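File shown: work.cif. Contents: mmCIF, C-alpha atoms.
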```cif
data_target
#
loop_
_atom_site.label_atom_id
_atom_site.label_comp_id
_atom_site.auth_asym_id
_atom_site.auth_seq_id
_atom_site.Cartn_x
_atom_site.Cartn_y
_atom_site.Cartn_z
CA MET A 313 7.57 20.39 -4.08
CA ARG A 314 8.58 18.32 -1.04
CA ARG A 315 5.86 19.93 1.07
CA LEU A 316 3.24 19.18 -1.55
CA LEU A 317 4.35 15.55 -1.82
CA LYS A 318 4.39 15.22 1.96
CA PHE A 319 0.89 16.70 2.15
CA LEU A 320 -0.44 14.39 -0.58
CA HIS A 321 1.21 11.36 1.00
CA THR A 322 -0.22 12.25 4.42
CA MET A 323 -3.72 12.77 3.06
CA GLY A 324 -3.53 9.50 1.15
CA SER A 325 -2.30 7.64 4.24
CA VAL A 326 -5.09 9.07 6.38
CA GLY A 327 -7.72 8.03 3.83
CA LEU A 328 -6.14 4.63 3.33
CA MET A 329 -5.96 3.78 7.02
CA GLY A 330 -9.44 5.21 7.63
CA ALA A 331 -10.89 3.10 4.82
CA MET A 332 -9.20 -0.04 6.13
CA ALA A 333 -10.41 0.64 9.68
CA SER A 334 -13.94 1.19 8.34
CA LEU A 335 -13.78 -2.07 6.40
CA VAL A 336 -12.60 -3.96 9.51
CA VAL A 337 -15.58 -2.58 11.46
CA MET A 338 -17.98 -3.35 8.61
CA LEU A 339 -16.69 -6.91 8.38
CA SER A 340 -17.20 -7.41 12.10
CA VAL A 341 -20.86 -6.27 11.99
CA THR A 342 -21.75 -7.97 8.71
CA PRO A 343 -24.59 -10.43 9.25
CA GLY A 344 -24.04 -14.00 8.18
CA PRO A 345 -25.00 -15.21 4.72
CA ASP A 346 -28.15 -16.74 6.21
CA SER A 347 -29.52 -13.17 6.39
CA LEU A 348 -29.02 -12.73 2.66
CA SER A 349 -30.45 -9.24 2.19
CA GLY A 350 -28.39 -7.77 5.09
CA TYR A 351 -25.29 -9.59 3.91
CA ALA A 352 -25.68 -8.32 0.34
CA LEU A 353 -26.32 -4.77 1.59
CA MET A 354 -23.16 -4.75 3.75
CA ARG A 355 -21.10 -6.23 0.94
CA SER A 356 -22.23 -3.53 -1.47
CA ALA A 357 -21.38 -0.88 1.16
CA MET A 358 -17.91 -2.40 1.57
CA VAL A 359 -17.37 -2.29 -2.19
CA ALA A 360 -18.38 1.38 -2.16
CA VAL A 361 -15.84 2.17 0.61
CA SER A 362 -13.10 0.21 -1.10
CA THR A 363 -13.85 1.78 -4.51
CA TYR A 364 -14.40 5.41 -3.50
CA VAL A 365 -12.10 5.79 -0.48
CA PHE A 366 -9.60 2.92 -0.32
CA LEU A 367 -8.46 2.81 -3.97
CA PRO A 368 -8.09 6.59 -4.49
CA SER A 369 -6.21 6.89 -1.20
CA LEU A 370 -3.94 3.99 -2.12
CA THR A 371 -3.30 5.53 -5.52
CA LEU A 372 -2.54 8.95 -4.02
CA THR A 373 -0.20 7.45 -1.45
CA LEU A 374 1.68 5.38 -4.00
CA LEU A 375 2.02 8.20 -6.54
CA ALA A 376 3.25 10.65 -3.90
CA GLY A 377 5.72 8.03 -2.68
CA LEU A 378 7.01 7.31 -6.18
CA LEU A 379 7.40 11.02 -6.93
CA ALA A 380 9.26 11.47 -3.64
CA ILE A 381 11.65 8.58 -4.33
CA ALA A 382 12.37 10.11 -7.73
CA GLN A 383 14.02 13.06 -5.97
CA ARG A 384 17.77 12.70 -5.51
CA ALA A 385 17.57 13.54 -1.82
CA PHE A 386 15.95 10.17 -1.09
CA HIS A 387 18.10 7.94 -3.31
CA ASN A 388 20.51 7.02 -0.50
CA ALA A 389 17.85 6.91 2.22
CA GLY A 390 17.28 3.30 3.20
CA TRP A 391 13.98 4.10 4.87
CA ALA A 392 12.64 5.47 1.58
CA TRP A 393 13.47 2.25 -0.25
CA LEU A 394 11.87 0.24 2.55
CA LYS A 395 8.74 2.38 2.19
CA LEU A 396 8.79 1.67 -1.55
CA ALA A 397 8.96 -2.09 -0.92
CA THR A 398 6.10 -1.98 1.57
CA GLY A 399 4.18 0.27 -0.83
CA ILE A 400 4.35 -2.46 -3.45
CA LEU A 401 3.04 -4.89 -0.84
CA MET A 402 0.19 -2.48 -0.08
CA PHE A 403 -0.62 -2.11 -3.78
CA GLU A 404 -0.76 -5.85 -4.43
CA GLY A 405 -2.61 -6.63 -1.22
CA GLY A 406 -5.05 -3.79 -1.74
CA LEU A 407 -5.95 -4.58 -5.32
CA VAL A 408 -6.04 -8.36 -5.18
CA HIS A 409 -6.96 -9.25 -1.61
CA ILE A 410 -9.15 -6.30 -0.65
CA GLN A 411 -10.77 -4.79 -3.73
CA GLY A 412 -10.93 -7.98 -5.78
CA THR A 413 -12.24 -10.20 -3.00
CA MET A 414 -14.83 -7.65 -1.88
CA GLN A 415 -16.13 -7.11 -5.39
CA GLN A 416 -16.34 -10.83 -6.04
CA GLU A 417 -18.19 -11.46 -2.78
CA ALA A 418 -20.60 -8.57 -3.41
CA GLU A 419 -21.38 -9.96 -6.89
CA LEU A 420 -21.97 -13.44 -5.47
CA ALA A 421 -24.28 -11.98 -2.80
CA ALA A 422 -26.24 -9.97 -5.38
CA GLN A 423 -26.62 -13.07 -7.57
CA ALA A 424 -27.77 -15.15 -4.60
CA LEU A 425 -30.24 -12.42 -3.61
CA ALA A 426 -31.63 -12.44 -7.16
CA GLY A 427 -32.02 -16.22 -6.95
CA HIS A 428 -29.25 -17.03 -9.46
CA GLY A 429 -26.43 -17.97 -7.10
CA ASN A 430 -25.68 -20.42 -4.34
CA PRO A 431 -25.88 -18.84 -0.85
CA ALA A 432 -23.67 -21.64 0.49
CA GLU A 433 -20.72 -20.06 -1.36
CA LEU A 434 -21.05 -16.81 0.59
CA GLY A 435 -18.98 -15.78 3.59
CA LEU A 436 -16.09 -18.14 2.98
CA SER A 437 -13.59 -15.30 2.63
CA LEU A 438 -14.54 -13.31 5.77
CA SER A 439 -11.67 -14.45 8.00
CA GLY A 440 -9.13 -14.06 5.20
CA GLU A 441 -10.36 -10.55 4.41
CA ARG A 442 -10.21 -9.58 8.07
CA GLY A 443 -6.67 -10.93 8.41
CA THR A 444 -5.53 -9.16 5.24
CA LEU A 445 -7.00 -5.86 6.42
CA TRP A 446 -5.24 -6.13 9.79
CA LEU A 447 -1.96 -7.00 8.06
CA LEU A 448 -2.27 -4.06 5.66
CA LEU A 449 -3.16 -1.76 8.56
CA ALA A 450 0.04 -2.87 10.31
CA VAL A 451 2.11 -2.30 7.14
CA SER A 452 0.48 1.09 6.62
CA THR A 453 1.24 2.04 10.23
CA ALA A 454 4.85 0.96 9.71
CA ASN A 455 4.98 3.16 6.59
CA VAL A 456 3.77 6.16 8.57
CA VAL A 457 6.31 5.45 11.32
CA LEU A 458 9.10 5.17 8.72
CA GLY A 459 8.04 8.46 7.14
CA VAL A 460 8.03 10.29 10.45
CA TRP A 461 10.96 8.62 12.19
CA ARG A 462 13.17 8.19 9.09
CA PRO A 463 15.70 5.80 10.62
CA ARG A 464 19.16 5.59 9.17
CA LEU A 465 19.07 2.34 7.19
CA THR A 466 22.32 2.18 5.26
CA ARG A 467 24.95 -0.45 4.67
CA ARG A 468 28.00 -0.29 6.89
CA GLN A 469 31.35 0.43 5.31
CA ALA A 470 33.98 -2.31 5.42
CA ARG A 471 36.95 -1.57 7.65
CA GLY A 472 39.66 0.37 5.95
CA GLN A 473 37.38 1.79 3.28
CA PRO A 474 36.98 5.52 3.30
CA SER A 475 33.41 6.67 3.52
CA SER A 476 32.57 8.91 0.62
CA PRO A 477 29.02 10.20 0.37
CA ALA A 478 29.13 10.72 -3.39
CA GLN A 479 30.03 7.39 -4.95
CA PRO A 480 28.88 7.06 -8.56
CA SER A 481 26.12 4.62 -9.30
CA SER A 482 26.78 1.63 -11.53
CA PHE A 483 24.78 3.31 -14.31
CA ALA A 484 26.95 6.43 -14.12
CA THR A 485 30.12 4.32 -14.08
CA SER A 486 29.08 2.26 -17.09
CA ALA A 487 27.93 5.38 -18.95
CA SER A 488 31.29 7.07 -18.38
CA GLU A 489 33.12 3.92 -19.51
CA SER A 490 31.08 3.75 -22.72
CA VAL A 491 31.88 7.40 -23.42
CA LYS A 492 35.61 6.64 -23.02
CA LEU A 493 35.36 3.71 -25.43
CA THR A 494 33.82 5.74 -28.25
#
```
Could the structure of this file be written out as structure tokens, please?
Amino acid sequence: MRRLLKFLHTMGSVGLMGAMASLVVMLSVTPGPDSLSGYALMRSAMVAVSTYVFLPSLTLTLLAGLLAIAQRAFHNAGWAWLKLATGILMFEGGLVHIQGTMQQEAELAAQALAGHGNPAELGLSLSGERGTLWLLLAVSTANVVLGVWRPRLTRRQARGQPSSPAQPSSFATSASESVKLT
């Protein structure tokens, strides 16, 4: 099961980072809104990459990560919890700031091309999209490094406290107390 999850997570990460790198390149060669037909064409291509490569890869990566964290072996691994936190950041950033912005801009470009929109509203989000993609690429790279390196990220024990690897969780403690009360 661990090998399958690792394989799925790796494949999702490769697709995710490849899609983001492709989107960065596409953003850098996108003509300005003054060339409306080229701009609209590139925006629709970016939506296709984000819909058919980015989102499925993000979903695969997040599901594999959540299934991995559900295994007991990773419950005390600080790096796994850090990957979970950055995965939530990737999810929010990917859906809202990548997919949402690109779809909205592609719709505005298509409307302007059809003569129903204002071309002056186009291209305002280019620098923000580029910055978000670079940030998410950095976070994704950090996730891959965490998954490979797996640093020991645990809390230090206070002096004088014995270190016991199997301390019950607060849920287990409260459940055992409720059993004693009944």
What gap, in Å, lies between atom CA of Ile410 of chain A and atom CA of Ala422 of chain A?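 Value for the atom CA of Ile410 of chain A-atom CA of Ala422 of chain A distance: 18.1 Å.
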Please write the residues picked by the PyMOL selection byres ((chain A and resi 401) around 12) on this file as a PDB file with C-alpha atoms, in the coordinates of the input.
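Result file is selection35.pdb:
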```pdb
ATOM      1  CA  LEU A 370      -3.940   3.990  -2.120  1.00  0.00           C
ATOM      2  CA  LEU A 374       1.680   5.380  -4.000  1.00  0.00           C
ATOM      3  CA  LEU A 394      11.870   0.240   2.550  1.00  0.00           C
ATOM      4  CA  LYS A 395       8.740   2.380   2.190  1.00  0.00           C
ATOM      5  CA  LEU A 396       8.790   1.670  -1.550  1.00  0.00           C
ATOM      6  CA  ALA A 397       8.960  -2.090  -0.920  1.00  0.00           C
ATOM      7  CA  THR A 398       6.100  -1.980   1.570  1.00  0.00           C
ATOM      8  CA  GLY A 399       4.180   0.270  -0.830  1.00  0.00           C
ATOM      9  CA  ILE A 400       4.350  -2.460  -3.450  1.00  0.00           C
ATOM     10  CA  MET A 402       0.190  -2.480  -0.080  1.00  0.00           C
ATOM     11  CA  PHE A 403      -0.620  -2.110  -3.780  1.00  0.00           C
ATOM     12  CA  GLU A 404      -0.760  -5.850  -4.430  1.00  0.00           C
ATOM     13  CA  GLY A 405      -2.610  -6.630  -1.220  1.00  0.00           C
ATOM     14  CA  GLY A 406      -5.050  -3.790  -1.740  1.00  0.00           C
ATOM     15  CA  LEU A 407      -5.950  -4.580  -5.320  1.00  0.00           C
ATOM     16  CA  VAL A 408      -6.040  -8.360  -5.180  1.00  0.00           C
ATOM     17  CA  HIS A 409      -6.960  -9.250  -1.610  1.00  0.00           C
ATOM     18  CA  THR A 444      -5.530  -9.160   5.240  1.00  0.00           C
ATOM     19  CA  LEU A 447      -1.960  -7.000   8.060  1.00  0.00           C
ATOM     20  CA  LEU A 448      -2.270  -4.060   5.660  1.00  0.00           C
ATOM     21  CA  LEU A 449      -3.160  -1.760   8.560  1.00  0.00           C
ATOM     22  CA  ALA A 450       0.040  -2.870  10.310  1.00  0.00           C
ATOM     23  CA  VAL A 451       2.110  -2.300   7.140  1.00  0.00           C
ATOM     24  CA  SER A 452       0.480   1.090   6.620  1.00  0.00           C
ATOM     25  CA  ASN A 455       4.980   3.160   6.590  1.00  0.00           C
TER      26      ASN A 455
END
```
- [ ] Could you list the residues chosen by the PyMOL selection byres ((chain A and resi 418) around 10) in this structure as a list of chain:residue names?
- [x]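 This file, filtered by the PyMOL selection byres ((chain A and resi 418) around 10), leaves A:Tyr351, A:Ala352, A:Leu353, A:Met354, A:Arg355, A:Ser356, A:Ala357, A:Met358, A:Val359, A:Gly412, A:Thr413, A:Met414, A:Gln415, A:Gln416, A:Glu417, A:Glu419, A:Leu420, A:Ala421, A:Ala422, A:Gln423, A:Ala424, A:Leu434.
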May I have the residues within 9 Å of Leu328 of chain A as number ranges by chain, using all atoms listed in the file and disregarding those fewer than 4 positions away in the same chain?
A: 323-324, 332-333, 365-370, 373, 449, 452
Legend entry - Within 8 Å of segment 317-321 of chain A using all atoms listed in the file, minus same-chain residues under 3 positions, as a list in words: Met313, Arg314, Gly324, Ser325, Leu372, Thr373, Leu374, Ala376, Gly377, Leu379 and Ala380 of chain A
Exercise. Mind giving me the straight-line distance from atom CA of Val341 of chain A to atom CA of Arg442 of chain A in Å, one decimal?
Key: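 It comes out at 11.8 Å.
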In Å and to one decimal, atom CA of Ala360 of chain A is distant from atom CA of Met338 of chain A by 11.8 Å
Open item on the list: I need the residue nearest Ala454 of chain A from this list: A:Leu436, A:Met329, A:Leu339, A:Ala382. Use all atoms listed in the file for the distance.
Closed with: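 Result for the nearest residue to Ala454 of chain A: A:Met329.
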Counting only C-alpha atoms, closest pick from A:Leu316, A:Leu378, A:Thr322, A:Thr363 relative to Val457 of chain A is A:Thr322
